[in-house]
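Coordinates from query_22.pdb are shown below (PDB, C-alpha atoms).
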```pdb
ATOM      1  CA  MET A   1      88.826 131.686 169.811
ATOM      2  CA  ALA A   2      85.301 130.309 169.353
ATOM      3  CA  HIS A   3      82.931 132.031 166.980
ATOM      4  CA  ARG A   4      79.662 133.306 168.400
ATOM      5  CA  SER A   5      76.754 131.122 167.294
ATOM      6  CA  GLU A   6      75.114 134.000 165.409
ATOM      7  CA  ASP A   7      78.273 134.247 163.247
ATOM      8  CA  ARG A   8      77.882 130.546 162.406
ATOM      9  CA  VAL A   9      74.241 130.528 161.324
ATOM     10  CA  PRO A  10      73.478 131.366 157.678
ATOM     11  CA  PRO A  11      70.582 133.672 156.721
ATOM     12  CA  GLY A  12      67.116 132.174 157.155
ATOM     13  CA  GLN A  13      68.289 129.407 159.509
ATOM     14  CA  ARG A  14      67.427 128.670 163.159
ATOM     15  CA  VAL A  15      69.523 126.636 165.589
ATOM     16  CA  THR A  16      68.221 123.346 166.932
ATOM     17  CA  GLU A  17      69.670 121.027 169.583
ATOM     18  CA  LYS A  18      68.064 118.007 167.925
ATOM     19  CA  TRP A  19      69.137 116.318 164.707
ATOM     20  CA  PRO A  20      65.888 116.079 162.720
ATOM     21  CA  VAL A  21      65.326 113.053 160.496
ATOM     22  CA  LEU A  22      64.238 113.980 156.979
ATOM     23  CA  HIS A  23      64.145 111.726 153.938
ATOM     24  CA  TYR A  24      61.909 110.595 151.133
ATOM     25  CA  GLY A  25      60.707 106.998 151.136
ATOM     26  CA  GLY A  26      61.700 104.160 153.406
ATOM     27  CA  VAL A  27      64.966 103.403 155.153
ATOM     28  CA  PRO A  28      67.031 100.857 153.187
ATOM     29  CA  ARG A  29      68.061  97.595 154.807
ATOM     30  CA  PHE A  30      71.786  97.100 155.273
ATOM     31  CA  ASP A  31      73.426  93.753 154.476
ATOM     32  CA  PRO A  32      77.207  93.848 155.045
ATOM     33  CA  ALA A  33      77.678  90.714 152.911
ATOM     34  CA  SER A  34      76.284  92.353 149.756
ATOM     35  CA  TRP A  35      77.188  95.999 150.437
ATOM     36  CA  ASP A  36      79.861  97.519 148.237
ATOM     37  CA  PHE A  37      81.267 100.940 147.395
ATOM     38  CA  ARG A  38      82.181 101.842 143.817
ATOM     39  CA  ILE A  39      84.426 104.584 142.425
ATOM     40  CA  PHE A  40      83.876 104.861 138.678
ATOM     41  CA  GLY A  41      83.414 107.221 135.752
ATOM     42  CA  LEU A  42      86.385 109.346 134.743
ATOM     43  CA  VAL A  43      89.024 107.253 136.510
ATOM     44  CA  GLU A  44      91.839 105.188 135.004
ATOM     45  CA  GLU A  45      90.533 101.998 136.631
ATOM     46  CA  PRO A  46      87.259 101.684 138.564
ATOM     47  CA  VAL A  47      87.418 100.392 142.143
ATOM     48  CA  ARG A  48      84.895  98.322 144.071
ATOM     49  CA  LEU A  49      85.323  97.897 147.841
ATOM     50  CA  SER A  50      83.533  95.413 150.090
ATOM     51  CA  TYR A  51      82.143  96.597 153.409
ATOM     52  CA  ASP A  52      85.187  95.193 155.248
ATOM     53  CA  GLU A  53      87.594  96.814 152.778
ATOM     54  CA  PHE A  54      85.886 100.190 153.200
ATOM     55  CA  ARG A  55      85.909  99.850 156.998
ATOM     56  CA  ALA A  56      89.670  99.173 156.868
ATOM     57  CA  LEU A  57      90.402 102.605 155.344
ATOM     58  CA  PRO A  58      91.932 105.247 157.662
ATOM     59  CA  THR A  59      89.443 107.312 159.646
ATOM     60  CA  THR A  60      89.376 110.742 161.210
ATOM     61  CA  SER A  61      86.878 113.018 162.918
ATOM     62  CA  ILE A  62      85.674 116.537 162.180
ATOM     63  CA  THR A  63      83.488 118.912 164.165
ATOM     64  CA  ARG A  64      81.368 121.196 162.013
ATOM     65  CA  ASP A  65      78.069 123.043 161.866
ATOM     66  CA  ILE A  66      75.416 121.594 159.553
ATOM     67  CA  HIS A  67      72.588 123.443 157.825
ATOM     68  CA  CYS A  68      69.415 121.929 156.368
ATOM     69  CA  VAL A  69      67.512 123.464 153.477
ATOM     70  CA  THR A  70      64.380 123.241 155.679
ATOM     71  CA  THR A  71      65.890 126.085 157.799
ATOM     72  CA  TRP A  72      67.403 124.270 160.799
ATOM     73  CA  SER A  73      71.075 124.392 161.739
ATOM     74  CA  ARG A  74      72.871 122.257 164.289
ATOM     75  CA  LEU A  75      76.144 123.607 165.617
ATOM     76  CA  GLY A  76      79.263 121.659 166.541
ATOM     77  CA  MET A  77      78.412 118.143 165.363
ATOM     78  CA  THR A  78      81.280 115.669 165.422
ATOM     79  CA  PHE A  79      81.434 113.136 162.588
ATOM     80  CA  GLU A  80      83.821 110.180 162.320
ATOM     81  CA  GLY A  81      84.656 108.341 159.141
ATOM     82  CA  VAL A  82      86.895 108.047 156.117
ATOM     83  CA  PRO A  83      88.097 111.310 154.570
ATOM     84  CA  ALA A  84      86.695 111.654 151.044
ATOM     85  CA  ARG A  85      90.185 112.505 149.805
ATOM     86  CA  ALA A  86      91.445 109.098 151.063
ATOM     87  CA  VAL A  87      88.694 107.386 149.071
ATOM     88  CA  LEU A  88      89.572 109.352 145.931
ATOM     89  CA  ASP A  89      93.248 108.500 146.447
ATOM     90  CA  LEU A  90      92.336 104.884 145.634
ATOM     91  CA  VAL A  91      91.937 105.829 141.945
ATOM     92  CA  ARG A  92      93.719 107.920 139.348
ATOM     93  CA  ILE A  93      91.235 110.611 138.403
ATOM     94  CA  ARG A  94      91.298 111.595 134.760
ATOM     95  CA  PRO A  95      92.157 115.281 134.183
ATOM     96  CA  GLU A  96      88.784 116.131 132.609
ATOM     97  CA  ALA A  97      86.869 115.158 135.792
ATOM     98  CA  ARG A  98      85.362 118.276 137.383
ATOM     99  CA  PHE A  99      82.209 116.966 139.093
ATOM    100  CA  VAL A 100      81.015 113.950 141.040
ATOM    101  CA  MET A 101      77.686 112.215 141.323
ATOM    102  CA  VAL A 102      77.317 110.611 144.731
ATOM    103  CA  HIS A 103      75.218 107.449 144.355
ATOM    104  CA  ALA A 104      73.178 106.109 147.265
ATOM    105  CA  GLU A 105      70.617 103.404 147.990
ATOM    106  CA  ALA A 106      67.171 103.427 146.354
ATOM    107  CA  GLY A 107      68.333 105.510 143.386
ATOM    108  CA  PHE A 108      69.182 108.594 145.417
ATOM    109  CA  GLU A 109      72.093 110.666 144.186
ATOM    110  CA  THR A 110      73.464 114.176 144.524
ATOM    111  CA  ASN A 111      75.876 116.175 142.418
ATOM    112  CA  LEU A 112      78.902 118.141 143.614
ATOM    113  CA  PRO A 113      81.861 119.957 142.125
ATOM    114  CA  LEU A 114      84.888 117.667 142.640
ATOM    115  CA  GLU A 115      86.595 120.348 144.758
ATOM    116  CA  TYR A 116      84.063 119.764 147.575
ATOM    117  CA  LEU A 117      84.991 116.087 147.789
ATOM    118  CA  LEU A 118      88.686 117.003 147.875
ATOM    119  CA  ALA A 119      88.194 119.471 150.762
ATOM    120  CA  ASP A 120      89.618 118.665 154.203
ATOM    121  CA  ASP A 121      86.153 118.597 155.771
ATOM    122  CA  ALA A 122      84.553 116.113 153.320
ATOM    123  CA  LEU A 123      83.982 112.809 155.057
ATOM    124  CA  PHE A 124      82.245 109.480 154.498
ATOM    125  CA  ALA A 125      80.879 109.181 158.026
ATOM    126  CA  SER A 126      79.735 106.124 159.939
ATOM    127  CA  ARG A 127      79.481 107.861 163.329
ATOM    128  CA  ALA A 128      78.057 111.124 164.650
ATOM    129  CA  ASP A 129      78.487 112.656 168.099
ATOM    130  CA  GLY A 130      80.185 109.549 169.496
ATOM    131  CA  ALA A 131      77.714 106.910 168.288
ATOM    132  CA  ASP A 132      77.166 104.877 165.135
ATOM    133  CA  LEU A 133      74.799 106.552 162.703
ATOM    134  CA  THR A 134      71.252 105.298 162.985
ATOM    135  CA  PRO A 135      69.674 103.806 159.861
ATOM    136  CA  GLU A 136      67.447 106.922 159.616
ATOM    137  CA  HIS A 137      70.557 109.135 159.507
ATOM    138  CA  GLY A 138      72.275 107.077 156.816
ATOM    139  CA  TRP A 139      73.870 103.968 158.371
ATOM    140  CA  PRO A 140      76.223 102.489 157.336
ATOM    141  CA  LEU A 141      77.671 105.416 155.377
ATOM    142  CA  ARG A 142      76.753 109.045 154.942
ATOM    143  CA  LEU A 143      78.654 111.666 153.041
ATOM    144  CA  VAL A 144      79.270 114.843 155.078
ATOM    145  CA  ILE A 145      79.829 118.067 153.103
ATOM    146  CA  PRO A 146      79.308 120.728 155.809
ATOM    147  CA  ARG A 147      79.925 123.705 153.485
ATOM    148  CA  LEU A 148      76.668 123.005 151.621
ATOM    149  CA  TYR A 149      73.057 122.425 152.654
ATOM    150  CA  PHE A 150      72.775 119.001 154.197
ATOM    151  CA  TRP A 151      70.845 117.340 151.350
ATOM    152  CA  LYS A 152      74.245 117.325 149.602
ATOM    153  CA  SER A 153      75.432 115.079 152.476
ATOM    154  CA  ALA A 154      73.748 112.024 150.980
ATOM    155  CA  LYS A 155      72.628 109.164 153.222
ATOM    156  CA  TRP A 156      73.210 105.454 152.495
ATOM    157  CA  VAL A 157      76.081 106.172 150.079
ATOM    158  CA  ARG A 158      77.236 103.368 147.771
ATOM    159  CA  GLY A 159      79.625 105.100 145.395
ATOM    160  CA  ILE A 160      80.953 108.099 143.533
ATOM    161  CA  GLU A 161      81.024 108.722 139.816
ATOM    162  CA  LEU A 162      83.582 111.175 138.425
ATOM    163  CA  MET A 163      82.200 113.333 135.581
ATOM    164  CA  ALA A 164      83.367 116.059 133.203
ATOM    165  CA  GLU A 165      80.008 117.868 133.167
ATOM    166  CA  ASP A 166      77.597 118.601 135.999
ATOM    167  CA  ARG A 167      74.240 116.856 136.001
ATOM    168  CA  ALA A 168      71.355 117.044 138.451
ATOM    169  CA  GLY A 169      70.920 114.469 141.207
ATOM    170  CA  PHE A 170      67.613 113.326 142.726
ATOM    171  CA  TRP A 171      66.787 116.441 144.775
ATOM    172  CA  GLU A 172      68.207 118.772 142.144
ATOM    173  CA  ARG A 173      65.880 117.231 139.513
ATOM    174  CA  ASN A 174      63.045 117.864 141.952
ATOM    175  CA  GLY A 175      63.506 121.597 142.440
ATOM    176  CA  TYR A 176      66.537 121.972 144.699
ATOM    177  CA  HIS A 177      69.441 124.215 143.732
ATOM    178  CA  MET A 178      72.312 122.673 141.757
ATOM    179  CA  HIS A 179      74.929 124.068 144.192
ATOM    180  CA  GLY A 180      73.326 124.541 147.652
ATOM    181  CA  ASP A 181      75.457 127.165 149.458
ATOM    182  CA  PRO A 182      73.663 128.024 152.745
ATOM    183  CA  TRP A 183      75.392 131.414 153.034
ATOM    184  CA  LYS A 184      73.911 132.420 149.660
ATOM    185  CA  GLU A 185      70.539 130.746 150.454
ATOM    186  CA  GLU A 186      70.812 128.549 147.367
ATOM    187  CA  ARG A 187      67.832 126.441 148.414
ATOM    188  CA  TYR A 188      65.753 125.926 145.291
ATOM    189  CA  SER A 189      66.260 126.112 141.548
ATOM    190  CA  GLN A 190      63.587 128.797 141.294
ATOM    191  CA  PRO A 191      62.059 131.238 143.777
ATOM    192  CA  TRP A 192      58.768 130.038 145.263
TER     193      TRP A 192
END
```
Produce structure tokens that represent the structure in this file.
Amino acid sequence: MAHRSEDRVPPGQRVTEKWPVLHYGGVPRFDPASWDFRIFGLVEEPVRLSYDEFRALPTTSITRDIHCVTTWSRLGMTFEGVPARAVLDLVRIRPEARFVMVHAEAGFETNLPLEYLLADDALFASRADGADLTPEHGWPLRLVIPRLYFWKSAKWVRGIELMAEDRAGFWERNGYHMHGDPWKEERYSQPW
């Protein structure tokens, strides 16, 4: 049974049919020959994958609602890509790892509790709604964490660092909430 759209929209959000493009700075250029993906930090042995090696990993699709901190929500988006759990299965995570820092192009990064990356709906997406991601939406790889505000779904992802302690990523250092739960309206680190 489908949920009514009003049951799917967190407080303070409005539904849009479009997928707005929001980011800081320019759109990075993608070169498949030099692109790599690293898994490092609190792992037994770090892993580095080439673009072709990453593309060879098993893929799946998920359909989820997404919510932006700027108050828009888009319902029923379908993303295709590599499950985050499959990426993490490439390493042996050390027992003290509790958090991840997702590293992206141009120094962007976002922090997450490890449990969000292990969830069934965490995906490193290369496609959305039946088409390849555009560069503005994160091509060639965007993390999708639909349970949190969409800034946690970092664009242009290049790796994940496993950590024992949480530390702020780019947006979190610049006033955004450390966690980002849309149902609790965890938008900013302080009320404005």
Would you give me, as CSV, each residue of stretch 86-169 of chain A having an atom within 8 Å of an atom of stretch 34-58 of chain A, along with its shortest atom pair and that distance in Å to one decimal, using all atoms listed in the file and sorting by chain and residue number?
```
residue,atom,partner,partner_atom,distance
A:Ala86,CA,A:Pro58,CA,7.7
A:Leu88,CA,A:Ile39,CA,7.8
A:Leu90,CA,A:Val47,CA,7.5
A:Val91,CA,A:Val43,CA,6.3
A:Arg92,CA,A:Glu44,CA,5.5
A:Ile93,CA,A:Val43,CA,4.4
A:Arg94,CA,A:Val43,CA,5.2
A:Glu96,CA,A:Leu42,CA,7.5
A:Ala97,CA,A:Leu42,CA,5.9
A:Val157,CA,A:Phe37,CA,7.8
A:Arg158,CA,A:Phe37,CA,4.7
A:Gly159,CA,A:Arg38,CA,4.4
A:Ile160,CA,A:Ile39,CA,5.1
A:Glu161,CA,A:Phe40,CA,4.9
A:Leu162,CA,A:Gly41,CA,4.8
A:Met163,CA,A:Leu42,CA,5.8
A:Ala164,CA,A:Leu42,CA,7.5
```
Written file, previous selection with C-alpha atoms, as a compact mmCIF listing (two decimals), in the coordinates of the input:
```txt
# COMPACT_ATOMS: atom_id res chain seq x y z
CA ALA A 86 91.44 109.10 151.06
CA LEU A 88 89.57 109.35 145.93
CA LEU A 90 92.34 104.88 145.63
CA VAL A 91 91.94 105.83 141.94
CA ARG A 92 93.72 107.92 139.35
CA ILE A 93 91.24 110.61 138.40
CA ARG A 94 91.30 111.60 134.76
CA GLU A 96 88.78 116.13 132.61
CA ALA A 97 86.87 115.16 135.79
CA VAL A 157 76.08 106.17 150.08
CA ARG A 158 77.24 103.37 147.77
CA GLY A 159 79.62 105.10 145.40
CA ILE A 160 80.95 108.10 143.53
CA GLU A 161 81.02 108.72 139.82
CA LEU A 162 83.58 111.18 138.43
CA MET A 163 82.20 113.33 135.58
CA ALA A 164 83.37 116.06 133.20
```
>> Expand the PyMOL selection byres ((chain A and resi 67) around 12) into the explicit residue set it covers here, and present it as a ChimeraX atom specification.
In response: /A:8-16,19-20,64-66,68-77,144-153,180-183,185-187
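Atom pair atom CA of A:Ser126 / atom CA of A:Val82: separated by 8.3 Å.
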>> One number please: atom CA of A:Leu141 to atom CA of A:Ser189, in Å, one decimal.
In response: 27.4 Å
>> Going by the chain IDs and residue numbers used in this file, which residues fall under the PyMOL selection byres ((chain A and resi 110-121) around 8)? Write them as a PyMOL selection string.
In response: chain A and resi 62+83-85+88+97-103+108-109+122-123+144-146+151-152+154+162+166-172+178-179
Export of prior selection with C-alpha atoms as a compact mmCIF listing (two decimals), keeping the file's coordinate frame:
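Saved the output as out-v3.txt:
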```txt
# COMPACT_ATOMS: atom_id res chain seq x y z
CA ILE A 62 85.67 116.54 162.18
CA PRO A 83 88.10 111.31 154.57
CA ALA A 84 86.70 111.65 151.04
CA ARG A 85 90.18 112.50 149.80
CA LEU A 88 89.57 109.35 145.93
CA ALA A 97 86.87 115.16 135.79
CA ARG A 98 85.36 118.28 137.38
CA PHE A 99 82.21 116.97 139.09
CA VAL A 100 81.02 113.95 141.04
CA MET A 101 77.69 112.22 141.32
CA VAL A 102 77.32 110.61 144.73
CA HIS A 103 75.22 107.45 144.35
CA PHE A 108 69.18 108.59 145.42
CA GLU A 109 72.09 110.67 144.19
CA ALA A 122 84.55 116.11 153.32
CA LEU A 123 83.98 112.81 155.06
CA VAL A 144 79.27 114.84 155.08
CA ILE A 145 79.83 118.07 153.10
CA PRO A 146 79.31 120.73 155.81
CA TRP A 151 70.84 117.34 151.35
CA LYS A 152 74.24 117.32 149.60
CA ALA A 154 73.75 112.02 150.98
CA LEU A 162 83.58 111.18 138.43
CA ASP A 166 77.60 118.60 136.00
CA ARG A 167 74.24 116.86 136.00
CA ALA A 168 71.36 117.04 138.45
CA GLY A 169 70.92 114.47 141.21
CA PHE A 170 67.61 113.33 142.73
CA TRP A 171 66.79 116.44 144.78
CA GLU A 172 68.21 118.77 142.14
CA MET A 178 72.31 122.67 141.76
CA HIS A 179 74.93 124.07 144.19
```
> Which one is closest to A:Thr60: A:Pro95, A:Ala104, A:Asp7, A:Arg127? Count all atoms listed in the file.
Replying inline: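 Looking only at the distances to A:Thr60, the closest residue turns out to be A:Arg127.
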>> Give me, as a count of residues only, all polymer residues having an atom no more than 8 Å from A:Ala128, counting all atoms listed in the file and skipping those fewer than 4 positions away in the same chain.
In response: 6
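Interatomic distance, atom CA of A:Val27 to atom CA of A:Glu136: 6.2 Å.
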Generate the coordinates of N, CA and C atoms for stretch 87-98 of chain A; report them as a PDB file, keeping the file's coordinate frame.
```
ATOM      1  N   VAL A  87      89.436 108.251 149.994  1.00  0.00           N
ATOM      2  CA  VAL A  87      88.694 107.386 149.071  1.00  0.00           C
ATOM      3  C   VAL A  87      89.105 107.697 147.634  1.00  0.00           C
ATOM      4  N   LEU A  88      89.181 108.969 147.292  1.00  0.00           N
ATOM      5  CA  LEU A  88      89.572 109.352 145.931  1.00  0.00           C
ATOM      6  C   LEU A  88      91.021 108.978 145.622  1.00  0.00           C
ATOM      7  N   ASP A  89      91.860 108.899 146.653  1.00  0.00           N
ATOM      8  CA  ASP A  89      93.248 108.500 146.447  1.00  0.00           C
ATOM      9  C   ASP A  89      93.385 107.044 145.996  1.00  0.00           C
ATOM     10  N   LEU A  90      92.306 106.276 146.071  1.00  0.00           N
ATOM     11  CA  LEU A  90      92.336 104.884 145.634  1.00  0.00           C
ATOM     12  C   LEU A  90      92.308 104.742 144.117  1.00  0.00           C
ATOM     13  N   VAL A  91      92.013 105.846 143.406  1.00  0.00           N
ATOM     14  CA  VAL A  91      91.937 105.829 141.945  1.00  0.00           C
ATOM     15  C   VAL A  91      92.794 106.943 141.371  1.00  0.00           C
ATOM     16  N   ARG A  92      93.104 106.817 140.081  1.00  0.00           N
ATOM     17  CA  ARG A  92      93.719 107.920 139.348  1.00  0.00           C
ATOM     18  C   ARG A  92      92.600 108.616 138.593  1.00  0.00           C
ATOM     19  N   ILE A  93      92.313 109.838 139.012  1.00  0.00           N
ATOM     20  CA  ILE A  93      91.235 110.611 138.403  1.00  0.00           C
ATOM     21  C   ILE A  93      91.723 111.186 137.083  1.00  0.00           C
ATOM     22  N   ARG A  94      90.928 111.037 136.058  1.00  0.00           N
ATOM     23  CA  ARG A  94      91.298 111.595 134.760  1.00  0.00           C
ATOM     24  C   ARG A  94      91.199 113.115 134.812  1.00  0.00           C
ATOM     25  N   PRO A  95      92.068 113.817 134.069  1.00  0.00           N
ATOM     26  CA  PRO A  95      92.157 115.281 134.183  1.00  0.00           C
ATOM     27  C   PRO A  95      90.875 116.023 133.818  1.00  0.00           C
ATOM     28  N   GLU A  96      90.018 115.430 133.002  1.00  0.00           N
ATOM     29  CA  GLU A  96      88.784 116.131 132.609  1.00  0.00           C
ATOM     30  C   GLU A  96      87.673 116.051 133.659  1.00  0.00           C
ATOM     31  N   ALA A  97      87.885 115.277 134.730  1.00  0.00           N
ATOM     32  CA  ALA A  97      86.869 115.158 135.792  1.00  0.00           C
ATOM     33  C   ALA A  97      86.788 116.460 136.582  1.00  0.00           C
ATOM     34  N   ARG A  98      85.601 117.029 136.651  1.00  0.00           N
ATOM     35  CA  ARG A  98      85.362 118.276 137.383  1.00  0.00           C
ATOM     36  C   ARG A  98      84.215 118.165 138.391  1.00  0.00           C
TER      37      ARG A  98
END
```
